[in-house]
$ cat query07.pdb   # PDB, C-alpha atoms and all ligand atoms
ATOM      1  CA  MET A   1     -12.515 -32.848  12.485  1.00  0.00           C
ATOM      2  CA  LYS A   2     -13.366 -30.530  15.326  1.00  0.00           C
ATOM      3  CA  LEU A   3      -9.669 -30.066  15.974  1.00  0.00           C
ATOM      4  CA  LYS A   4      -9.084 -29.131  12.328  1.00  0.00           C
ATOM      5  CA  ALA A   5     -11.782 -26.474  12.510  1.00  0.00           C
ATOM      6  CA  THR A   6     -10.246 -25.078  15.663  1.00  0.00           C
ATOM      7  CA  PHE A   7      -6.906 -24.812  13.919  1.00  0.00           C
ATOM      8  CA  ALA A   8      -8.483 -23.153  10.905  1.00  0.00           C
ATOM      9  CA  ILE A   9     -10.189 -20.598  13.122  1.00  0.00           C
ATOM     10  CA  ALA A  10      -7.012 -19.964  15.069  1.00  0.00           C
ATOM     11  CA  ALA A  11      -5.131 -19.450  11.811  1.00  0.00           C
ATOM     12  CA  LEU A  12      -7.765 -17.017  10.573  1.00  0.00           C
ATOM     13  CA  VAL A  13      -7.784 -15.095  13.826  1.00  0.00           C
ATOM     14  CA  SER A  14      -4.019 -14.742  13.808  1.00  0.00           C
ATOM     15  CA  LEU A  15      -4.167 -13.635  10.178  1.00  0.00           C
ATOM     16  CA  PHE A  16      -6.648 -10.882  10.986  1.00  0.00           C
ATOM     17  CA  ALA A  17      -4.845  -9.968  14.177  1.00  0.00           C
ATOM     18  CA  SER A  18      -1.542  -9.601  12.374  1.00  0.00           C
ATOM     19  CA  SER A  19      -3.049  -7.411   9.663  1.00  0.00           C
ATOM     20  CA  ALA A  20      -5.063  -5.351  12.157  1.00  0.00           C
ATOM     21  CA  PHE A  21      -1.944  -4.642  14.185  1.00  0.00           C
ATOM     22  CA  ALA A  22       0.394  -4.390  11.208  1.00  0.00           C
ATOM     23  CA  ALA A  23       3.431  -2.777  12.706  1.00  0.00           C
ATOM     24  CA  GLY A  24       4.177  -0.098  10.163  1.00  0.00           C
ATOM     25  CA  ASP A  25       6.739   2.426  11.340  1.00  0.00           C
ATOM     26  CA  ALA A  26       5.694   5.887  10.128  1.00  0.00           C
ATOM     27  CA  ALA A  27       9.139   7.382  10.827  1.00  0.00           C
ATOM     28  CA  ARG A  28      10.840   4.858   8.549  1.00  0.00           C
ATOM     29  CA  GLY A  29       7.975   5.309   6.098  1.00  0.00           C
ATOM     30  CA  GLN A  30       8.653   9.023   5.853  1.00  0.00           C
ATOM     31  CA  THR A  31      12.115   8.312   4.423  1.00  0.00           C
ATOM     32  CA  LEU A  32      10.638   5.860   1.922  1.00  0.00           C
ATOM     33  CA  TYR A  33       7.954   8.375   0.974  1.00  0.00           C
ATOM     34  CA  ALA A  34      10.539  10.835  -0.391  1.00  0.00           C
ATOM     35  CA  THR A  35      10.295   9.199  -3.837  1.00  0.00           C
ATOM     36  CA  CYS A  36       6.515   9.074  -3.745  1.00  0.00           C
ATOM     37  CA  GLY A  37       6.153  12.783  -2.987  1.00  0.00           C
ATOM     38  CA  ALA A  38       7.501  13.653  -6.437  1.00  0.00           C
ATOM     39  CA  CYS A  39       4.158  12.578  -7.906  1.00  0.00           C
ATOM     40  CA  HIS A  40       1.753  12.342  -4.971  1.00  0.00           C
ATOM     41  CA  GLY A  41       2.858  15.633  -3.374  1.00  0.00           C
ATOM     42  CA  ALA A  42       5.007  16.238  -0.297  1.00  0.00           C
ATOM     43  CA  GLN A  43       1.932  16.035   1.959  1.00  0.00           C
ATOM     44  CA  GLY A  44       0.253  13.293  -0.065  1.00  0.00           C
ATOM     45  CA  GLU A  45      -2.175  15.825  -1.455  1.00  0.00           C
ATOM     46  CA  GLY A  46      -1.997  14.354  -4.964  1.00  0.00           C
ATOM     47  CA  MET A  47      -1.068  15.940  -8.285  1.00  0.00           C
ATOM     48  CA  GLN A  48      -3.634  15.852 -11.035  1.00  0.00           C
ATOM     49  CA  ALA A  49      -1.127  16.956 -13.683  1.00  0.00           C
ATOM     50  CA  LEU A  50       0.720  13.668 -13.072  1.00  0.00           C
ATOM     51  CA  ASN A  51      -2.491  11.672 -12.566  1.00  0.00           C
ATOM     52  CA  ALA A  52      -1.296  10.814  -9.078  1.00  0.00           C
ATOM     53  CA  PRO A  53      -4.161  10.679  -6.580  1.00  0.00           C
ATOM     54  CA  SER A  54      -4.227  12.103  -3.078  1.00  0.00           C
ATOM     55  CA  LEU A  55      -2.994   9.518  -0.569  1.00  0.00           C
ATOM     56  CA  ALA A  56      -3.033  11.524   2.666  1.00  0.00           C
ATOM     57  CA  GLY A  57      -4.907   9.791   5.456  1.00  0.00           C
ATOM     58  CA  GLN A  58      -5.786   6.768   3.316  1.00  0.00           C
ATOM     59  CA  GLU A  59      -6.358   3.543   5.258  1.00  0.00           C
ATOM     60  CA  GLU A  60      -3.199   1.516   5.774  1.00  0.00           C
ATOM     61  CA  TRP A  61      -4.833  -1.769   4.784  1.00  0.00           C
ATOM     62  CA  TYR A  62      -5.958  -0.280   1.465  1.00  0.00           C
ATOM     63  CA  VAL A  63      -2.583   1.284   0.651  1.00  0.00           C
ATOM     64  CA  ILE A  64      -0.825  -1.981   1.555  1.00  0.00           C
ATOM     65  CA  ARG A  65      -3.132  -3.977  -0.712  1.00  0.00           C
ATOM     66  CA  GLN A  66      -2.724  -1.582  -3.642  1.00  0.00           C
ATOM     67  CA  LEU A  67       1.067  -1.574  -3.314  1.00  0.00           C
ATOM     68  CA  GLN A  68       1.066  -5.378  -3.205  1.00  0.00           C
ATOM     69  CA  ASN A  69      -1.195  -5.425  -6.260  1.00  0.00           C
ATOM     70  CA  PHE A  70       1.219  -3.174  -8.152  1.00  0.00           C
ATOM     71  CA  LYS A  71       4.211  -5.258  -7.060  1.00  0.00           C
ATOM     72  CA  ASN A  72       2.506  -8.527  -7.966  1.00  0.00           C
ATOM     73  CA  GLY A  73       1.434  -7.326 -11.394  1.00  0.00           C
ATOM     74  CA  ILE A  74      -2.289  -7.327 -10.590  1.00  0.00           C
ATOM     75  CA  ARG A  75      -2.414  -3.564 -11.197  1.00  0.00           C
ATOM     76  CA  GLY A  76      -0.400  -1.548 -13.684  1.00  0.00           C
ATOM     77  CA  THR A  77       0.581  -4.242 -16.169  1.00  0.00           C
ATOM     78  CA  ASN A  78      -2.105  -3.872 -18.827  1.00  0.00           C
ATOM     79  CA  PRO A  79      -0.777  -1.493 -21.542  1.00  0.00           C
ATOM     80  CA  LYS A  80      -4.192   0.224 -21.461  1.00  0.00           C
ATOM     81  CA  ASP A  81      -3.640   0.999 -17.773  1.00  0.00           C
ATOM     82  CA  ILE A  82      -1.391   3.960 -18.583  1.00  0.00           C
ATOM     83  CA  PHE A  83      -1.397   5.566 -15.147  1.00  0.00           C
ATOM     84  CA  GLY A  84      -1.161   2.242 -13.375  1.00  0.00           C
ATOM     85  CA  MET A  85       1.914   1.462 -15.468  1.00  0.00           C
ATOM     86  CA  GLN A  86       3.509   4.674 -14.216  1.00  0.00           C
ATOM     87  CA  MET A  87       2.898   3.618 -10.627  1.00  0.00           C
ATOM     88  CA  ALA A  88       3.889  -0.053 -10.854  1.00  0.00           C
ATOM     89  CA  PRO A  89       7.686   0.517 -11.062  1.00  0.00           C
ATOM     90  CA  MET A  90       7.393   2.857  -8.063  1.00  0.00           C
ATOM     91  CA  ALA A  91       5.952   0.064  -5.954  1.00  0.00           C
ATOM     92  CA  MET A  92       9.041  -1.974  -6.903  1.00  0.00           C
ATOM     93  CA  THR A  93      11.179   0.538  -5.005  1.00  0.00           C
ATOM     94  CA  LEU A  94       9.644  -0.822  -1.786  1.00  0.00           C
ATOM     95  CA  PRO A  95      11.783  -3.921  -1.361  1.00  0.00           C
ATOM     96  CA  THR A  96      10.034  -5.676   1.531  1.00  0.00           C
ATOM     97  CA  GLU A  97       6.631  -6.193   3.128  1.00  0.00           C
ATOM     98  CA  GLN A  98       7.940  -4.143   6.048  1.00  0.00           C
ATOM     99  CA  ALA A  99       8.775  -1.229   3.727  1.00  0.00           C
ATOM    100  CA  ILE A 100       5.221  -1.355   2.337  1.00  0.00           C
ATOM    101  CA  GLU A 101       3.771  -1.307   5.861  1.00  0.00           C
ATOM    102  CA  ASP A 102       6.064   1.548   6.909  1.00  0.00           C
ATOM    103  CA  VAL A 103       5.160   3.773   3.977  1.00  0.00           C
ATOM    104  CA  ALA A 104       1.452   2.962   4.495  1.00  0.00           C
ATOM    105  CA  ALA A 105       1.749   3.995   8.159  1.00  0.00           C
ATOM    106  CA  TYR A 106       3.314   7.289   7.102  1.00  0.00           C
ATOM    107  CA  ILE A 107       0.604   7.923   4.476  1.00  0.00           C
ATOM    108  CA  LYS A 108      -2.087   7.249   7.089  1.00  0.00           C
ATOM    109  CA  SER A 109      -0.419   9.801   9.389  1.00  0.00           C
ATOM    110  CA  LEU A 110      -0.638  12.592   6.789  1.00  0.00           C
ATOM    111  CA  ALA A 111      -3.611  14.892   7.300  1.00  0.00           C
ATOM    112  CA  ASP A 112      -6.207  14.499   4.573  1.00  0.00           C
TER     113      ASP A 112
HETATM  114  C1  LIG A 201       5.990   8.706 -11.373  1.00  0.00           C
HETATM  115  C2  LIG A 201       4.950   9.224 -10.492  1.00  0.00           C
HETATM  116  C3  LIG A 201       4.626   8.387  -9.244  1.00  0.00           C
HETATM  117  C4  LIG A 201       5.460   8.104  -8.202  1.00  0.00           C
HETATM  118  C5  LIG A 201       6.912   8.514  -8.012  1.00  0.00           C
HETATM  119  C6  LIG A 201       4.665   7.323  -7.273  1.00  0.00           C
HETATM  120  N1  LIG A 201       3.399   7.168  -7.732  1.00  0.00           N
HETATM  121 FE1  LIG A 201       1.849   6.230  -6.767  1.00  0.00          FE
HETATM  122  N2  LIG A 201       0.651   6.548  -8.356  1.00  0.00           N
HETATM  123  C7  LIG A 201       1.001   7.251  -9.484  1.00  0.00           C
HETATM  124  C8  LIG A 201      -0.125   7.263 -10.400  1.00  0.00           C
HETATM  125  C9  LIG A 201      -0.146   7.923 -11.773  1.00  0.00           C
HETATM  126  C10 LIG A 201      -1.158   6.544  -9.774  1.00  0.00           C
HETATM  127  C11 LIG A 201      -2.575   6.258 -10.302  1.00  0.00           C
HETATM  128  C12 LIG A 201      -2.633   4.883 -10.877  1.00  0.00           C
HETATM  129  C13 LIG A 201      -3.969   4.579 -11.502  1.00  0.00           C
HETATM  130  O1  LIG A 201      -4.606   5.482 -12.047  1.00  0.00           O
HETATM  131  O2  LIG A 201      -4.343   3.401 -11.452  1.00  0.00           O
HETATM  132  C14 LIG A 201      -0.643   6.118  -8.489  1.00  0.00           C
HETATM  133  C15 LIG A 201      -1.367   5.359  -7.587  1.00  0.00           C
HETATM  134  C16 LIG A 201      -0.911   5.018  -6.328  1.00  0.00           C
HETATM  135  C17 LIG A 201      -1.670   4.287  -5.350  1.00  0.00           C
HETATM  136  C18 LIG A 201      -3.080   3.756  -5.515  1.00  0.00           C
HETATM  137  C19 LIG A 201      -4.069   4.764  -4.977  1.00  0.00           C
HETATM  138  C20 LIG A 201      -5.477   4.241  -4.962  1.00  0.00           C
HETATM  139  O3  LIG A 201      -6.332   4.950  -4.418  1.00  0.00           O
HETATM  140  O4  LIG A 201      -5.754   3.134  -5.456  1.00  0.00           O
HETATM  141  C21 LIG A 201      -0.893   4.162  -4.243  1.00  0.00           C
HETATM  142  C22 LIG A 201      -1.245   3.477  -2.936  1.00  0.00           C
HETATM  143  C23 LIG A 201       0.364   4.807  -4.542  1.00  0.00           C
HETATM  144  N3  LIG A 201       0.321   5.314  -5.806  1.00  0.00           N
HETATM  145  C24 LIG A 201       1.425   4.876  -3.664  1.00  0.00           C
HETATM  146  C25 LIG A 201       2.682   5.334  -3.995  1.00  0.00           C
HETATM  147  C26 LIG A 201       3.839   5.199  -3.149  1.00  0.00           C
HETATM  148  C27 LIG A 201       3.827   4.591  -1.745  1.00  0.00           C
HETATM  149  C28 LIG A 201       4.893   5.711  -3.838  1.00  0.00           C
HETATM  150  C29 LIG A 201       6.351   5.743  -3.424  1.00  0.00           C
HETATM  151  C30 LIG A 201       6.976   4.449  -3.206  1.00  0.00           C
HETATM  152  C31 LIG A 201       4.390   6.184  -5.120  1.00  0.00           C
HETATM  153  N4  LIG A 201       3.042   5.929  -5.182  1.00  0.00           N
HETATM  154  C32 LIG A 201       5.155   6.813  -6.093  1.00  0.00           C
HETATM  155  C33 LIG A 201       2.212   7.860  -9.746  1.00  0.00           C
HETATM  156  C34 LIG A 201       3.330   7.797  -8.943  1.00  0.00           C
END

$ encode --input "query07.pdb" --output "structure tokens"
Amino acid sequence: MKLKATFAIAALVSLFASSAFAAGDAARGQTLYATCGACHGAQGEGMQALNAPSLAGQEEWYVIRQLQNFKNGIRGTNPKDIFGMQMAPMAMTLPTEQAIEDVAAYIKSLAD
């Protein structure tokens, strides 16, 4: 029983540690961001005309979670979520978890 708890705690700690030190590569993310800039602006400043919010300087963990939500159909699948539905296919252009982390690292590096 005690051993189980120790394992559970160890698993949790490693989970948090891996997300806290998510190794996003901003340089690779910059290349991936090229598509995103069309709506979110070259510097991530956002573009109201396209309903695309500012992303510059946004926390990596938040950007990662939103991109996963779009990819997993949690966001941007309800027909009433018009702007979310515009974003969802864009998240699909990020093929891997690593690509998501890289683009998030680049977004975080942009001055807000
Ligand atoms: C066709 C225009 C378009 C492109 C291209 C685009 N987005 Fe978006 N994005 C949007 C819109 C519109 C929203 C707002 C969705 C909403 O209102 O829920 C959005 C929302 C987001 C959000 C959520 C912001 C928040 O605060 O919750 C993130 C993160 C994001 N985009 C990242 C990206 C990334 C990374 C790329 C490139 C892979 C990208 N977007 C490409 C239009 C676009």

$ residues_around --input "query07.pdb" --residues "range 79-84 of chain A" --least-positions-apart "6" --cutoff "9 Å" --atoms "only C-alpha atoms" --output "mmCIF file with C-alpha atoms, keeping the file's coordinate frame"
data_model
loop_
_atom_site.group_PDB
_atom_site.id
_atom_site.type_symbol
_atom_site.label_atom_id
_atom_site.label_comp_id
_atom_site.auth_asym_id
_atom_site.auth_seq_id
_atom_site.Cartn_x
_atom_site.Cartn_y
_atom_site.Cartn_z
ATOM 1 C CA LEU A 50 0.720 13.668 -13.072
ATOM 2 C CA ASN A 51 -2.491 11.672 -12.566
ATOM 3 C CA ALA A 52 -1.296 10.814 -9.078
ATOM 4 C CA PHE A 70 1.219 -3.174 -8.152
#

$ residues_around --input "query07.pdb" --residues "range 97-103 of chain A" --least-positions-apart "3" --cutoff "12 Å" --atoms "only C-alpha atoms" --output "PDB file with C-alpha atoms, in the coordinates of the input"
ATOM      1  CA  SER A  18      -1.542  -9.601  12.374  1.00  0.00           C
ATOM      2  CA  SER A  19      -3.049  -7.411   9.663  1.00  0.00           C
ATOM      3  CA  ALA A  20      -5.063  -5.351  12.157  1.00  0.00           C
ATOM      4  CA  PHE A  21      -1.944  -4.642  14.185  1.00  0.00           C
ATOM      5  CA  ALA A  22       0.394  -4.390  11.208  1.00  0.00           C
ATOM      6  CA  ALA A  23       3.431  -2.777  12.706  1.00  0.00           C
ATOM      7  CA  GLY A  24       4.177  -0.098  10.163  1.00  0.00           C
ATOM      8  CA  ASP A  25       6.739   2.426  11.340  1.00  0.00           C
ATOM      9  CA  ALA A  26       5.694   5.887  10.128  1.00  0.00           C
ATOM     10  CA  ALA A  27       9.139   7.382  10.827  1.00  0.00           C
ATOM     11  CA  ARG A  28      10.840   4.858   8.549  1.00  0.00           C
ATOM     12  CA  GLY A  29       7.975   5.309   6.098  1.00  0.00           C
ATOM     13  CA  GLN A  30       8.653   9.023   5.853  1.00  0.00           C
ATOM     14  CA  THR A  31      12.115   8.312   4.423  1.00  0.00           C
ATOM     15  CA  LEU A  32      10.638   5.860   1.922  1.00  0.00           C
ATOM     16  CA  TYR A  33       7.954   8.375   0.974  1.00  0.00           C
ATOM     17  CA  ALA A  34      10.539  10.835  -0.391  1.00  0.00           C
ATOM     18  CA  THR A  35      10.295   9.199  -3.837  1.00  0.00           C
ATOM     19  CA  CYS A  36       6.515   9.074  -3.745  1.00  0.00           C
ATOM     20  CA  GLY A  37       6.153  12.783  -2.987  1.00  0.00           C
ATOM     21  CA  GLY A  44       0.253  13.293  -0.065  1.00  0.00           C
ATOM     22  CA  LEU A  55      -2.994   9.518  -0.569  1.00  0.00           C
ATOM     23  CA  ALA A  56      -3.033  11.524   2.666  1.00  0.00           C
ATOM     24  CA  GLY A  57      -4.907   9.791   5.456  1.00  0.00           C
ATOM     25  CA  GLN A  58      -5.786   6.768   3.316  1.00  0.00           C
ATOM     26  CA  GLU A  59      -6.358   3.543   5.258  1.00  0.00           C
ATOM     27  CA  GLU A  60      -3.199   1.516   5.774  1.00  0.00           C
ATOM     28  CA  TRP A  61      -4.833  -1.769   4.784  1.00  0.00           C
ATOM     29  CA  TYR A  62      -5.958  -0.280   1.465  1.00  0.00           C
ATOM     30  CA  VAL A  63      -2.583   1.284   0.651  1.00  0.00           C
ATOM     31  CA  ILE A  64      -0.825  -1.981   1.555  1.00  0.00           C
ATOM     32  CA  ARG A  65      -3.132  -3.977  -0.712  1.00  0.00           C
ATOM     33  CA  GLN A  66      -2.724  -1.582  -3.642  1.00  0.00           C
ATOM     34  CA  LEU A  67       1.067  -1.574  -3.314  1.00  0.00           C
ATOM     35  CA  GLN A  68       1.066  -5.378  -3.205  1.00  0.00           C
ATOM     36  CA  ASN A  69      -1.195  -5.425  -6.260  1.00  0.00           C
ATOM     37  CA  PHE A  70       1.219  -3.174  -8.152  1.00  0.00           C
ATOM     38  CA  LYS A  71       4.211  -5.258  -7.060  1.00  0.00           C
ATOM     39  CA  MET A  90       7.393   2.857  -8.063  1.00  0.00           C
ATOM     40  CA  ALA A  91       5.952   0.064  -5.954  1.00  0.00           C
ATOM     41  CA  MET A  92       9.041  -1.974  -6.903  1.00  0.00           C
ATOM     42  CA  THR A  93      11.179   0.538  -5.005  1.00  0.00           C
ATOM     43  CA  LEU A  94       9.644  -0.822  -1.786  1.00  0.00           C
ATOM     44  CA  TYR A 106       3.314   7.289   7.102  1.00  0.00           C
ATOM     45  CA  ILE A 107       0.604   7.923   4.476  1.00  0.00           C
ATOM     46  CA  LYS A 108      -2.087   7.249   7.089  1.00  0.00           C
ATOM     47  CA  SER A 109      -0.419   9.801   9.389  1.00  0.00           C
ATOM     48  CA  LEU A 110      -0.638  12.592   6.789  1.00  0.00           C
TER      49      LEU A 110
END

$ atom_distance --input "query07.pdb" --atom1 "CA of Ile74 in chain A" --atom2 "atom C2 of ligand LIG 201 (chain A)"
18.1 Å

$ atom_distance --input "query07.pdb" --atom1 "atom C5 of ligand LIG 201 (chain A)" --atom2 "CA of His40 in chain A"
7.1 Å

$ atom_distance --input "query07.pdb" --atom1 "CA of Ala42 in chain A" --atom2 "CA of Thr96 in chain A"
22.6 Å

$ closest_residue --input "query07.pdb" --among "A:Ala49, A:Gln43, A:Ala111, A:Ala38" --to "ligand LIG 201 (chain A)" --atoms "only C-alpha atoms and all ligand atoms"
A:Ala38

$ axis_aligned_box --input "query07.pdb" --around "ligand LIG 201 (chain A)" --padding-each-side "4 Å" --output "AutoDock Vina command-line options"
--center_x 0.3 --center_y 6.2 --center_z -6.9 --size_x 21.3 --size_y 14.1 --size_z 18.3

$ closest_residue --input "query07.pdb" --among "A:Asp112, A:Gln86, A:Gly73, A:Gly46" --to "ligand LIG 201 (chain A)" --atoms "only C-alpha atoms and all ligand atoms"
A:Gln86

$ closest_residue --input "query07.pdb" --among "A:Met87, A:Asn78, A:Gly41, A:Ala105" --to "ligand LIG 201 (chain A)" --atoms "all atoms listed in the file"
A:Met87
